[in-house]
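Next comes structure19.txt, a file with compact mmCIF, N, CA and C atoms.
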# COMPACT_ATOMS: atom_id res chain seq x y z
N MET O 196 71.36 103.57 36.72
CA MET O 196 71.14 104.93 36.29
C MET O 196 72.26 105.31 35.33
N ASN O 197 71.89 105.69 34.12
CA ASN O 197 72.88 106.04 33.12
C ASN O 197 73.45 107.44 33.35
N ALA O 198 74.46 107.80 32.57
CA ALA O 198 75.09 109.12 32.70
C ALA O 198 74.08 110.23 32.38
N SER O 199 73.24 110.01 31.37
CA SER O 199 72.18 110.95 31.06
C SER O 199 70.97 110.59 31.91
N LYS O 200 70.60 111.47 32.80
CA LYS O 200 69.54 111.19 33.77
C LYS O 200 68.17 111.64 33.27
N HIS O 201 67.15 111.02 33.79
CA HIS O 201 65.76 111.44 33.58
C HIS O 201 65.39 112.25 34.82
N ILE O 202 65.28 113.56 34.63
CA ILE O 202 65.13 114.51 35.74
C ILE O 202 63.72 115.08 35.78
N ALA O 203 63.08 115.00 36.95
CA ALA O 203 61.77 115.62 37.15
C ALA O 203 61.94 116.96 37.85
N LEU O 204 61.23 117.97 37.36
CA LEU O 204 61.26 119.31 37.93
C LEU O 204 59.84 119.68 38.36
N ILE O 205 59.71 120.07 39.62
CA ILE O 205 58.41 120.44 40.19
C ILE O 205 58.63 121.69 41.04
N ALA O 206 57.68 122.62 40.99
CA ALA O 206 57.77 123.80 41.85
C ALA O 206 56.37 124.27 42.22
N HIS O 207 56.16 124.47 43.50
CA HIS O 207 54.92 125.08 43.95
C HIS O 207 54.87 126.52 43.48
N ASP O 208 53.67 127.10 43.48
CA ASP O 208 53.47 128.45 42.94
C ASP O 208 54.46 129.47 43.49
N ASN O 209 54.67 129.48 44.80
CA ASN O 209 55.58 130.46 45.41
C ASN O 209 57.05 130.17 45.12
N ARG O 210 57.34 129.07 44.47
CA ARG O 210 58.74 128.69 44.18
C ARG O 210 59.03 128.61 42.68
N LYS O 211 58.04 128.88 41.83
CA LYS O 211 58.24 128.75 40.39
C LYS O 211 59.31 129.68 39.84
N LEU O 212 59.33 130.93 40.30
CA LEU O 212 60.37 131.86 39.82
C LEU O 212 61.75 131.41 40.26
N ASP O 213 61.86 130.87 41.47
CA ASP O 213 63.13 130.32 41.95
C ASP O 213 63.57 129.15 41.08
N MET O 214 62.61 128.28 40.72
CA MET O 214 62.92 127.14 39.84
C MET O 214 63.40 127.63 38.48
N LEU O 215 62.70 128.62 37.91
CA LEU O 215 63.11 129.16 36.61
C LEU O 215 64.52 129.74 36.68
N ASP O 216 64.80 130.49 37.72
CA ASP O 216 66.13 131.08 37.90
C ASP O 216 67.19 129.98 38.03
N TRP O 217 66.87 128.92 38.79
CA TRP O 217 67.80 127.81 38.99
C TRP O 217 68.06 127.06 37.68
N VAL O 218 67.00 126.80 36.94
CA VAL O 218 67.15 126.12 35.64
C VAL O 218 67.95 126.99 34.68
N ARG O 219 67.67 128.28 34.66
CA ARG O 219 68.42 129.20 33.80
C ARG O 219 69.91 129.16 34.14
N PHE O 220 70.24 129.22 35.43
CA PHE O 220 71.63 129.19 35.88
C PHE O 220 72.31 127.86 35.52
N ASN O 221 71.56 126.76 35.54
CA ASN O 221 72.13 125.42 35.30
C ASN O 221 71.78 124.87 33.92
N ARG O 222 71.40 125.73 33.02
CA ARG O 222 70.94 125.32 31.69
C ARG O 222 71.89 124.36 30.99
N GLU O 223 73.17 124.71 30.94
CA GLU O 223 74.14 123.87 30.23
C GLU O 223 74.18 122.45 30.79
N THR O 224 74.17 122.33 32.09
CA THR O 224 74.20 121.01 32.72
C THR O 224 72.91 120.25 32.44
N LEU O 225 71.78 120.92 32.57
CA LEU O 225 70.48 120.26 32.40
C LEU O 225 70.24 119.84 30.95
N GLU O 226 70.82 120.54 29.99
CA GLU O 226 70.64 120.19 28.58
C GLU O 226 71.17 118.79 28.27
N GLY O 227 72.07 118.28 29.08
CA GLY O 227 72.61 116.94 28.86
C GLY O 227 71.74 115.83 29.42
N HIS O 228 70.58 116.18 29.94
CA HIS O 228 69.68 115.21 30.56
C HIS O 228 68.29 115.33 29.95
N GLU O 229 67.45 114.34 30.18
CA GLU O 229 66.07 114.38 29.72
C GLU O 229 65.21 114.97 30.83
N LEU O 230 64.50 116.04 30.51
CA LEU O 230 63.73 116.77 31.51
C LEU O 230 62.24 116.44 31.47
N TYR O 231 61.68 116.31 32.64
CA TYR O 231 60.25 116.08 32.83
C TYR O 231 59.79 117.11 33.85
N ALA O 232 58.52 117.48 33.81
CA ALA O 232 58.02 118.44 34.79
C ALA O 232 56.52 118.34 34.90
N THR O 233 56.01 118.77 36.05
CA THR O 233 54.57 118.89 36.19
C THR O 233 54.12 120.06 35.31
N GLY O 234 52.84 120.09 35.00
CA GLY O 234 52.25 120.97 33.98
C GLY O 234 52.72 122.39 33.90
N THR O 235 52.39 123.20 34.87
CA THR O 235 52.70 124.62 34.82
C THR O 235 54.20 124.87 34.85
N THR O 236 54.89 124.15 35.71
CA THR O 236 56.35 124.31 35.81
C THR O 236 57.00 123.96 34.47
N GLY O 237 56.59 122.86 33.86
CA GLY O 237 57.13 122.47 32.56
C GLY O 237 56.85 123.50 31.48
N GLY O 238 55.64 124.05 31.50
CA GLY O 238 55.29 125.07 30.52
C GLY O 238 56.14 126.31 30.66
N LEU O 239 56.38 126.74 31.88
CA LEU O 239 57.23 127.90 32.11
C LEU O 239 58.66 127.66 31.63
N ILE O 240 59.19 126.48 31.90
CA ILE O 240 60.56 126.17 31.48
C ILE O 240 60.66 126.14 29.96
N GLU O 241 59.67 125.55 29.32
CA GLU O 241 59.66 125.52 27.84
C GLU O 241 59.53 126.93 27.27
N ASP O 242 58.55 127.71 27.77
CA ASP O 242 58.28 129.04 27.22
C ASP O 242 59.39 130.03 27.51
N GLU O 243 59.87 130.06 28.75
CA GLU O 243 60.85 131.05 29.16
C GLU O 243 62.27 130.71 28.72
N LEU O 244 62.60 129.41 28.71
CA LEU O 244 63.99 129.02 28.46
C LEU O 244 64.18 128.19 27.19
N GLY O 245 63.09 127.77 26.58
CA GLY O 245 63.18 127.01 25.33
C GLY O 245 63.75 125.61 25.47
N LEU O 246 63.76 125.08 26.67
CA LEU O 246 64.26 123.71 26.87
C LEU O 246 63.14 122.71 26.63
N PRO O 247 63.45 121.59 25.98
CA PRO O 247 62.42 120.56 25.79
C PRO O 247 62.09 119.87 27.11
N VAL O 248 60.81 119.76 27.41
CA VAL O 248 60.35 119.17 28.66
C VAL O 248 59.17 118.26 28.36
N THR O 249 59.21 117.04 28.84
CA THR O 249 58.05 116.16 28.80
C THR O 249 57.18 116.55 29.99
N ARG O 250 55.94 116.93 29.69
CA ARG O 250 55.09 117.46 30.75
C ARG O 250 54.07 116.44 31.26
N PHE O 251 53.95 116.43 32.58
CA PHE O 251 52.90 115.67 33.24
C PHE O 251 51.74 116.63 33.51
N LEU O 252 50.70 116.14 34.15
CA LEU O 252 49.61 117.00 34.58
C LEU O 252 50.11 117.99 35.63
N SER O 253 49.33 119.01 35.89
CA SER O 253 49.64 119.92 36.99
C SER O 253 49.63 119.11 38.28
N GLY O 254 50.46 119.51 39.25
CA GLY O 254 50.58 118.77 40.51
C GLY O 254 49.25 118.45 41.17
N PRO O 255 48.39 119.45 41.40
CA PRO O 255 47.12 119.17 42.07
C PRO O 255 46.17 118.30 41.26
N LEU O 256 46.40 118.19 39.96
CA LEU O 256 45.53 117.39 39.10
C LEU O 256 46.08 115.99 38.84
N GLY O 257 47.14 115.61 39.57
CA GLY O 257 47.70 114.27 39.43
C GLY O 257 49.15 114.22 38.99
N GLY O 258 49.74 115.37 38.70
CA GLY O 258 51.13 115.40 38.24
C GLY O 258 52.12 114.86 39.26
N ASP O 259 51.90 115.19 40.54
CA ASP O 259 52.79 114.66 41.59
C ASP O 259 52.71 113.14 41.62
N GLN O 260 51.52 112.60 41.44
CA GLN O 260 51.34 111.15 41.43
C GLN O 260 51.99 110.53 40.20
N GLN O 261 51.94 111.23 39.06
CA GLN O 261 52.61 110.73 37.86
C GLN O 261 54.12 110.67 38.06
N VAL O 262 54.68 111.68 38.71
CA VAL O 262 56.12 111.66 39.02
C VAL O 262 56.43 110.50 39.95
N GLY O 263 55.60 110.30 40.97
CA GLY O 263 55.79 109.17 41.88
C GLY O 263 55.76 107.84 41.15
N ALA O 264 54.84 107.69 40.22
CA ALA O 264 54.77 106.46 39.43
C ALA O 264 56.03 106.29 38.59
N GLY O 265 56.53 107.40 38.02
CA GLY O 265 57.77 107.33 37.23
C GLY O 265 58.95 106.88 38.07
N ILE O 266 58.99 107.32 39.33
CA ILE O 266 60.05 106.88 40.23
C ILE O 266 59.89 105.39 40.53
N ALA O 267 58.68 104.98 40.89
CA ALA O 267 58.42 103.59 41.26
C ALA O 267 58.70 102.63 40.10
N GLU O 268 58.44 103.07 38.90
CA GLU O 268 58.64 102.23 37.71
C GLU O 268 60.06 102.34 37.15
N GLY O 269 60.90 103.17 37.75
CA GLY O 269 62.29 103.29 37.30
C GLY O 269 62.46 104.16 36.07
N ARG O 270 61.47 104.99 35.73
CA ARG O 270 61.55 105.85 34.55
C ARG O 270 62.14 107.22 34.87
N LEU O 271 62.17 107.59 36.15
CA LEU O 271 62.75 108.87 36.57
C LEU O 271 63.89 108.59 37.54
N ASP O 272 64.97 109.34 37.40
CA ASP O 272 66.18 109.10 38.19
C ASP O 272 66.39 110.08 39.33
N VAL O 273 66.03 111.33 39.12
CA VAL O 273 66.32 112.40 40.07
C VAL O 273 65.13 113.37 40.07
N VAL O 274 64.82 113.92 41.24
CA VAL O 274 63.73 114.90 41.34
C VAL O 274 64.24 116.18 42.00
N PHE O 275 63.92 117.30 41.37
CA PHE O 275 64.16 118.61 41.95
C PHE O 275 62.78 119.20 42.20
N PHE O 276 62.39 119.26 43.47
CA PHE O 276 61.04 119.64 43.87
C PHE O 276 61.13 120.84 44.80
N PHE O 277 60.98 122.03 44.24
CA PHE O 277 61.01 123.24 45.04
C PHE O 277 59.62 123.45 45.61
N TRP O 278 59.41 122.93 46.81
CA TRP O 278 58.09 123.02 47.43
C TRP O 278 58.07 124.09 48.49
N ASP O 279 56.87 124.51 48.82
CA ASP O 279 56.68 125.57 49.80
C ASP O 279 56.05 124.97 51.05
N PRO O 280 56.85 124.64 52.07
CA PRO O 280 56.32 123.99 53.26
C PRO O 280 55.48 124.92 54.14
N LEU O 281 55.52 126.22 53.88
CA LEU O 281 54.77 127.17 54.71
C LEU O 281 53.41 127.53 54.12
N GLU O 282 53.15 127.12 52.91
CA GLU O 282 51.88 127.41 52.25
C GLU O 282 51.03 126.14 52.19
N PRO O 283 49.82 126.17 52.73
CA PRO O 283 48.97 124.97 52.67
C PRO O 283 48.68 124.58 51.21
N GLN O 284 48.75 123.30 50.94
CA GLN O 284 48.51 122.79 49.60
C GLN O 284 47.27 121.89 49.63
N ALA O 285 46.37 122.09 48.68
CA ALA O 285 45.17 121.24 48.61
C ALA O 285 45.54 119.79 48.35
N HIS O 286 46.68 119.59 47.70
CA HIS O 286 47.12 118.23 47.37
C HIS O 286 48.29 117.80 48.26
N ASP O 287 48.28 118.23 49.50
CA ASP O 287 49.37 117.92 50.44
C ASP O 287 49.60 116.42 50.58
N VAL O 288 48.54 115.64 50.51
CA VAL O 288 48.66 114.18 50.60
C VAL O 288 49.51 113.65 49.44
N ASP O 289 49.32 114.21 48.25
CA ASP O 289 50.11 113.79 47.09
C ASP O 289 51.58 114.18 47.24
N VAL O 290 51.81 115.35 47.81
CA VAL O 290 53.19 115.81 48.04
C VAL O 290 53.90 114.85 48.99
N LYS O 291 53.24 114.51 50.09
CA LYS O 291 53.84 113.58 51.06
C LYS O 291 54.06 112.21 50.44
N ALA O 292 53.13 111.76 49.61
CA ALA O 292 53.28 110.46 48.94
C ALA O 292 54.48 110.49 47.99
N LEU O 293 54.67 111.59 47.28
CA LEU O 293 55.81 111.72 46.38
C LEU O 293 57.13 111.67 47.15
N LEU O 294 57.21 112.41 48.24
CA LEU O 294 58.42 112.39 49.06
C LEU O 294 58.68 110.98 49.60
N ARG O 295 57.63 110.31 50.03
CA ARG O 295 57.77 108.95 50.56
C ARG O 295 58.26 107.98 49.48
N ILE O 296 57.68 108.04 48.29
CA ILE O 296 58.05 107.10 47.23
C ILE O 296 59.50 107.33 46.78
N ALA O 297 59.95 108.60 46.81
CA ALA O 297 61.35 108.88 46.46
C ALA O 297 62.30 108.22 47.45
N VAL O 298 61.97 108.30 48.73
CA VAL O 298 62.83 107.68 49.75
C VAL O 298 62.77 106.16 49.65
N VAL O 299 61.58 105.61 49.48
CA VAL O 299 61.41 104.15 49.41
C VAL O 299 62.21 103.58 48.24
N HIS O 300 62.24 104.29 47.12
CA HIS O 300 62.92 103.79 45.92
C HIS O 300 64.32 104.37 45.73
N ASP O 301 64.89 104.93 46.80
CA ASP O 301 66.27 105.41 46.77
C ASP O 301 66.51 106.40 45.63
N CYS O 302 65.54 107.28 45.41
CA CYS O 302 65.65 108.29 44.34
C CYS O 302 66.13 109.60 44.95
N PRO O 303 67.21 110.16 44.43
CA PRO O 303 67.67 111.45 44.93
C PRO O 303 66.59 112.52 44.71
N ILE O 304 66.31 113.30 45.75
CA ILE O 304 65.31 114.36 45.64
C ILE O 304 65.81 115.58 46.40
N ALA O 305 65.80 116.72 45.71
CA ALA O 305 66.22 117.98 46.31
C ALA O 305 64.98 118.84 46.48
N CYS O 306 64.76 119.33 47.68
CA CYS O 306 63.55 120.10 47.97
C CYS O 306 63.82 121.59 48.20
N ASN O 307 65.07 122.00 48.04
CA ASN O 307 65.38 123.43 48.11
C ASN O 307 66.57 123.71 47.20
N ARG O 308 66.82 124.97 46.97
CA ARG O 308 67.84 125.36 45.99
C ARG O 308 69.25 124.91 46.40
N ALA O 309 69.58 125.03 47.66
CA ALA O 309 70.92 124.64 48.09
C ALA O 309 71.16 123.15 47.85
N THR O 310 70.20 122.33 48.21
CA THR O 310 70.34 120.89 47.98
C THR O 310 70.39 120.60 46.48
N ALA O 311 69.58 121.31 45.71
CA ALA O 311 69.59 121.13 44.25
C ALA O 311 70.97 121.47 43.68
N ASP O 312 71.58 122.54 44.17
CA ASP O 312 72.92 122.91 43.71
C ASP O 312 73.94 121.81 44.02
N PHE O 313 73.90 121.29 45.24
CA PHE O 313 74.83 120.23 45.63
C PHE O 313 74.60 118.97 44.80
N LEU O 314 73.34 118.60 44.62
CA LEU O 314 73.02 117.38 43.88
C LEU O 314 73.43 117.49 42.42
N LEU O 315 73.05 118.59 41.78
CA LEU O 315 73.36 118.74 40.36
C LEU O 315 74.86 118.85 40.11
N SER O 316 75.61 119.41 41.04
CA SER O 316 77.05 119.56 40.85
C SER O 316 77.84 118.32 41.29
N SER O 317 77.17 117.32 41.81
CA SER O 317 77.85 116.10 42.23
C SER O 317 78.45 115.37 41.03
N PRO O 318 79.66 114.82 41.18
CA PRO O 318 80.24 114.03 40.09
C PRO O 318 79.37 112.82 39.72
N LEU O 319 78.53 112.38 40.64
CA LEU O 319 77.66 111.24 40.37
C LEU O 319 76.59 111.58 39.33
N MET O 320 76.30 112.86 39.12
CA MET O 320 75.32 113.25 38.10
C MET O 320 75.87 113.07 36.69
N ARG O 321 77.19 113.00 36.56
CA ARG O 321 77.81 112.93 35.23
C ARG O 321 78.14 111.52 34.78
N GLY O 322 77.95 110.55 35.64
CA GLY O 322 78.30 109.18 35.28
C GLY O 322 77.22 108.20 35.65
N GLN O 323 77.51 106.97 35.37
CA GLN O 323 76.57 105.91 35.74
C GLN O 323 76.56 105.74 37.25
N TYR O 324 75.41 105.40 37.79
CA TYR O 324 75.27 105.21 39.23
C TYR O 324 74.42 103.98 39.47
N ASP O 325 74.91 103.09 40.32
CA ASP O 325 74.16 101.88 40.64
C ASP O 325 73.39 102.09 41.93
N GLN O 326 72.06 102.13 41.82
CA GLN O 326 71.20 102.28 42.98
C GLN O 326 71.04 100.94 43.68
N LEU O 327 70.45 100.98 44.85
CA LEU O 327 70.13 99.75 45.56
C LEU O 327 69.21 98.90 44.70
N ASP O 328 69.35 97.57 44.80
CA ASP O 328 68.53 96.67 43.99
C ASP O 328 67.07 96.66 44.43
N ALA O 329 66.83 96.76 45.71
CA ALA O 329 65.47 96.64 46.21
C ALA O 329 65.07 97.91 46.95
N PRO O 330 63.77 98.24 46.88
CA PRO O 330 63.32 99.40 47.66
C PRO O 330 63.46 99.14 49.16
N VAL O 331 63.44 100.20 49.92
CA VAL O 331 63.49 100.11 51.38
C VAL O 331 62.31 99.26 51.83
N SER O 332 62.53 98.37 52.78
CA SER O 332 61.42 97.56 53.24
C SER O 332 60.56 98.36 54.22
N ILE O 333 59.28 98.14 54.10
CA ILE O 333 58.34 98.83 54.97
C ILE O 333 57.61 97.78 55.79
N THR O 334 57.66 97.94 57.10
CA THR O 334 56.96 96.98 57.96
C THR O 334 55.74 97.68 58.57
N ALA O 335 54.73 96.88 58.80
CA ALA O 335 53.47 97.44 59.36
C ALA O 335 53.58 97.67 60.83
Can you dump the structure from the file as structure tokens?
Amino acid sequence: MNASKHIALIAHDNRKLDMLDWVRFNRETLEGHELYATGTTGGLIEDELGLPVTRFLSGPLGGDQQVGAGIAEGRLDVVFFFWDPLEPQAHDVDVKALLRIAVVHDCPIACNRATADFLLSSPLMRGQYDQLDAPVSITA
């Protein structure tokens, strides 16, 4: 993982304003990285804050799966996923798959603002980081 990270940003509907506020607060830090986001979240970040974002599909339309594929293929380094565990999601299976793939591939993932603050402010975000060579083994 290089010093400039490939960062995915995802937020469920009830967390989008929190994500926008968090990105606004951390704008200077995030500008030094390449940003990716699921559809609506990426559009809001581009429109409201003017930051360049590579957009995937909306989460329920396959965006969560695209982020998971990016993690599995080594194209994404870190995920900030402000999800709403109290609101039922039609694509809950995709959400769980994304969380699972992040853990399997040793990808840092923050699912709430406090964790996002700790992760983004870590000295490891500013330098090169050597991840594990192999994904976590899964036994049947």
Atom CA of O:Lys291 to atom CA of O:Ala267: how many Å, to one decimal? 14.7 Å
Show me, as a short mmCIF file (atom, residue, chain, number, x, y, z; two decimals) with N, CA and C atoms, in the coordinates of the input, the residues that have an atom within 12 Å of O:Pro255 when counting only C-alpha atoms, minus same-chain residues fewer than 2 positions from it.
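Result file is out.cif:
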data_model
loop_
_atom_site.label_atom_id
_atom_site.label_comp_id
_atom_site.auth_asym_id
_atom_site.auth_seq_id
_atom_site.Cartn_x
_atom_site.Cartn_y
_atom_site.Cartn_z
N ILE O 205 59.71 120.07 39.62
CA ILE O 205 58.41 120.44 40.19
C ILE O 205 58.63 121.69 41.04
N ALA O 206 57.68 122.62 40.99
CA ALA O 206 57.77 123.80 41.85
C ALA O 206 56.37 124.27 42.22
N HIS O 207 56.16 124.47 43.50
CA HIS O 207 54.92 125.08 43.95
C HIS O 207 54.87 126.52 43.48
N ASP O 208 53.67 127.10 43.48
CA ASP O 208 53.47 128.45 42.94
C ASP O 208 54.46 129.47 43.49
N THR O 233 56.01 118.77 36.05
CA THR O 233 54.57 118.89 36.19
C THR O 233 54.12 120.06 35.31
N GLY O 234 52.84 120.09 35.00
CA GLY O 234 52.25 120.97 33.98
C GLY O 234 52.72 122.39 33.90
N THR O 235 52.39 123.20 34.87
CA THR O 235 52.70 124.62 34.82
C THR O 235 54.20 124.87 34.85
N PHE O 251 53.95 116.43 32.58
CA PHE O 251 52.90 115.67 33.24
C PHE O 251 51.74 116.63 33.51
N LEU O 252 50.70 116.14 34.15
CA LEU O 252 49.61 117.00 34.58
C LEU O 252 50.11 117.99 35.63
N SER O 253 49.33 119.01 35.89
CA SER O 253 49.64 119.92 36.99
C SER O 253 49.63 119.11 38.28
N GLY O 257 47.14 115.61 39.57
CA GLY O 257 47.70 114.27 39.43
C GLY O 257 49.15 114.22 38.99
N GLY O 258 49.74 115.37 38.70
CA GLY O 258 51.13 115.40 38.24
C GLY O 258 52.12 114.86 39.26
N ASP O 259 51.90 115.19 40.54
CA ASP O 259 52.79 114.66 41.59
C ASP O 259 52.71 113.14 41.62
N GLN O 260 51.52 112.60 41.44
CA GLN O 260 51.34 111.15 41.43
C GLN O 260 51.99 110.53 40.20
N GLN O 261 51.94 111.23 39.06
CA GLN O 261 52.61 110.73 37.86
C GLN O 261 54.12 110.67 38.06
N GLN O 284 48.75 123.30 50.94
CA GLN O 284 48.51 122.79 49.60
C GLN O 284 47.27 121.89 49.63
N ALA O 285 46.37 122.09 48.68
CA ALA O 285 45.17 121.24 48.61
C ALA O 285 45.54 119.79 48.35
N HIS O 286 46.68 119.59 47.70
CA HIS O 286 47.12 118.23 47.37
C HIS O 286 48.29 117.80 48.26
N ASP O 287 48.28 118.23 49.50
CA ASP O 287 49.37 117.92 50.44
C ASP O 287 49.60 116.42 50.58
N VAL O 288 48.54 115.64 50.51
CA VAL O 288 48.66 114.18 50.60
C VAL O 288 49.51 113.65 49.44
N ASP O 289 49.32 114.21 48.25
CA ASP O 289 50.11 113.79 47.09
C ASP O 289 51.58 114.18 47.24
N VAL O 290 51.81 115.35 47.81
CA VAL O 290 53.19 115.81 48.04
C VAL O 290 53.90 114.85 48.99
#
If you run DSSP on the backbone, which residues of chain O are strand (DSSP E or B), as number ranges by chain? O: 201-206, 229-232, 249-250, 273-277, 304-305
Dump as a tab-separated table the rows for residues of stretch 199-260 of chain O within 8 Å of stretch 296-319 of chain O: closest atom pair and distance in Å with one decimal, only N, CA and C atoms counted, ordered by chain and rising residue number.
residue	atom	partner	partner_atom	distance
O:Asp213	C	O:Arg308	CA	7.5
O:Met214	N	O:Arg308	CA	8.0
O:Trp217	CA	O:Arg308	CA	7.4
O:Thr224	CA	O:Leu315	C	7.7
Output the selection as a PDB file, in the coordinates of the input - N, CA and C atoms for each residue.
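out24.pdb written:
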ATOM      1  N   ASP O 213      61.860 130.870  41.470  1.00  0.00           N
ATOM      2  CA  ASP O 213      63.130 130.320  41.950  1.00  0.00           C
ATOM      3  C   ASP O 213      63.570 129.150  41.080  1.00  0.00           C
ATOM      4  N   MET O 214      62.610 128.280  40.720  1.00  0.00           N
ATOM      5  CA  MET O 214      62.920 127.140  39.840  1.00  0.00           C
ATOM      6  C   MET O 214      63.400 127.630  38.480  1.00  0.00           C
ATOM      7  N   TRP O 217      66.870 128.920  38.790  1.00  0.00           N
ATOM      8  CA  TRP O 217      67.800 127.810  38.990  1.00  0.00           C
ATOM      9  C   TRP O 217      68.060 127.060  37.680  1.00  0.00           C
ATOM     10  N   THR O 224      74.170 122.330  32.090  1.00  0.00           N
ATOM     11  CA  THR O 224      74.200 121.010  32.720  1.00  0.00           C
ATOM     12  C   THR O 224      72.910 120.250  32.440  1.00  0.00           C
TER      13      THR O 224
END
Is there a way to get, as a tab-separated table (two decimals) with N, CA and C atoms, in the coordinates of the input, all residues within 7 Å of the point (63.8, 118.5, 35.3) in file coordinates, counting only C-alpha atoms?
chain	number	residue	atom	x	y	z
O	202	ILE	N	65.28	113.56	34.63
O	202	ILE	CA	65.13	114.51	35.74
O	202	ILE	C	63.72	115.08	35.78
O	203	ALA	N	63.08	115.00	36.95
O	203	ALA	CA	61.77	115.62	37.15
O	203	ALA	C	61.94	116.96	37.85
O	204	LEU	N	61.23	117.97	37.36
O	204	LEU	CA	61.26	119.31	37.93
O	204	LEU	C	59.84	119.68	38.36
O	230	LEU	N	64.50	116.04	30.51
O	230	LEU	CA	63.73	116.77	31.51
O	230	LEU	C	62.24	116.44	31.47
O	231	TYR	N	61.68	116.31	32.64
O	231	TYR	CA	60.25	116.08	32.83
O	231	TYR	C	59.79	117.11	33.85
O	232	ALA	N	58.52	117.48	33.81
O	232	ALA	CA	58.02	118.44	34.79
O	232	ALA	C	56.52	118.34	34.90
O	275	PHE	N	63.92	117.30	41.37
O	275	PHE	CA	64.16	118.61	41.95
O	275	PHE	C	62.78	119.20	42.20
Picked from stretch 197-331 of chain O by DSSP as helix (DSSP H, G or I), as a VMD selection string: chain O and resid 208 to 220 222 to 225 234 to 244 254 to 256 258 to 267 287 to 299 308 to 316 318 to 321
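Straight-line separation from atom C of O:Leu225 to atom N of O:Gly265: 19.8 Å.
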Just give me the gap between atom N of O:Glu268 and atom N of O:Gly238 in Å, one decimal is fine.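 Computing the Euclidean distance for atom N of O:Glu268 and atom N of O:Gly238 yields 22.4 Å.
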